[in-house]
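Worksheet: one structure, shown below.
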Amino acid sequence: MNERKELYLILTKEWFLKILSGEKKEEYRDFTDRYIKRLAVTDSKGDLIDVQKYDVIRFQLGYSKKQMIVECRGILVEADNKDDEEFTTDNCNFVIELGEIIEKINCESLNI
């Protein structure tokens, strides 16, 4: 049996509830070294060559036990200006495209 590739992210209550309700269909992360290591594929020089492929994202509400598992439709790198030739921490970010909610864990008390 193949295991699904899972990305784990912590969210604040506002964004967790918006994803849980279906209102928010994209999650954004800064184009920083931390997220480049988690979301991008780089060559030996550190140049971006692709993005990671995840099957699902496990979102956790802060440091509580409330979680949801959401289908990951893809990850994009979005530049602020289409004319930028190089991706930098100042001019772009990661966009994680969300699909269906697969599972809700300990979310009963959130009334969604």
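Each chain of the structure tokens is named A, B, ... in the order shown, its residues numbered from 1; ligands are numbered from 1 in display order.
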**OP:** Per DSSP on the backbone, filter chain A down to the residues in strand (DSSP E) and report them as a PyMOL selection string.
**Re:** chain A and resi 6-11+26-30+40-42+48-51+56-61+67-79+92-105
**OP:** Might you pull out every residue within 12 Å of Asp90 of chain A, with only C-alpha atoms counted and same-chain residues fewer than 3 positions away left off, and present them as number ranges by chain?
**Re:** A: 30-32, 78-81, 84, 86-87, 93
Original post:
Which residue, A:Asn106, A:Val41, A:Lys82, A:Val95, has the smallest gap to Tyr28 of chain A when you use only C-alpha atoms?
Top reply: A:Val95
Subject >> Contacts of segment 67-74 of chain A at 12 Å (only C-alpha atoms; same-chain gap of 5+ positions) as a PyMOL selection string >> reply: chain A and resi 4-13+16-17+19-22+24-27+39-40+50-62+94-108+110
**OP:** Write out as a list in words all residues of segment 33-65 of chain A that DSSP puts in alpha helix (DSSP H) for this structure's backbone.
**Re:**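 Output for segment 33-65 of chain A, alpha helix (DSSP H) only: Asp33, Arg34, Tyr35, Ile36, Lys37, Arg38 and Leu39 of chain A.
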Original post:
So how far away is atom CA of Asp33 of chain A from atom CA of Trp15 of chain A, in Å?
Top reply: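 These atoms are spaced 22.8 Å apart.
With only C-alpha atoms as the basis for measurement, A:Leu76 is the residue among A:Ser44, A:Leu76, A:Glu3, A:Ser109 that approaches Cys92 of chain A most closely.
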Subject >> Nearest-residue call for Ile36 of chain A, choices A:Lys66, A:Asn111, A:Glu14, A:Thr88, using only C-alpha atoms >> reply: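 Of A:Lys66, A:Asn111, A:Glu14, A:Thr88, the one nearest Ile36 of chain A is A:Thr88, counting only C-alpha atoms.
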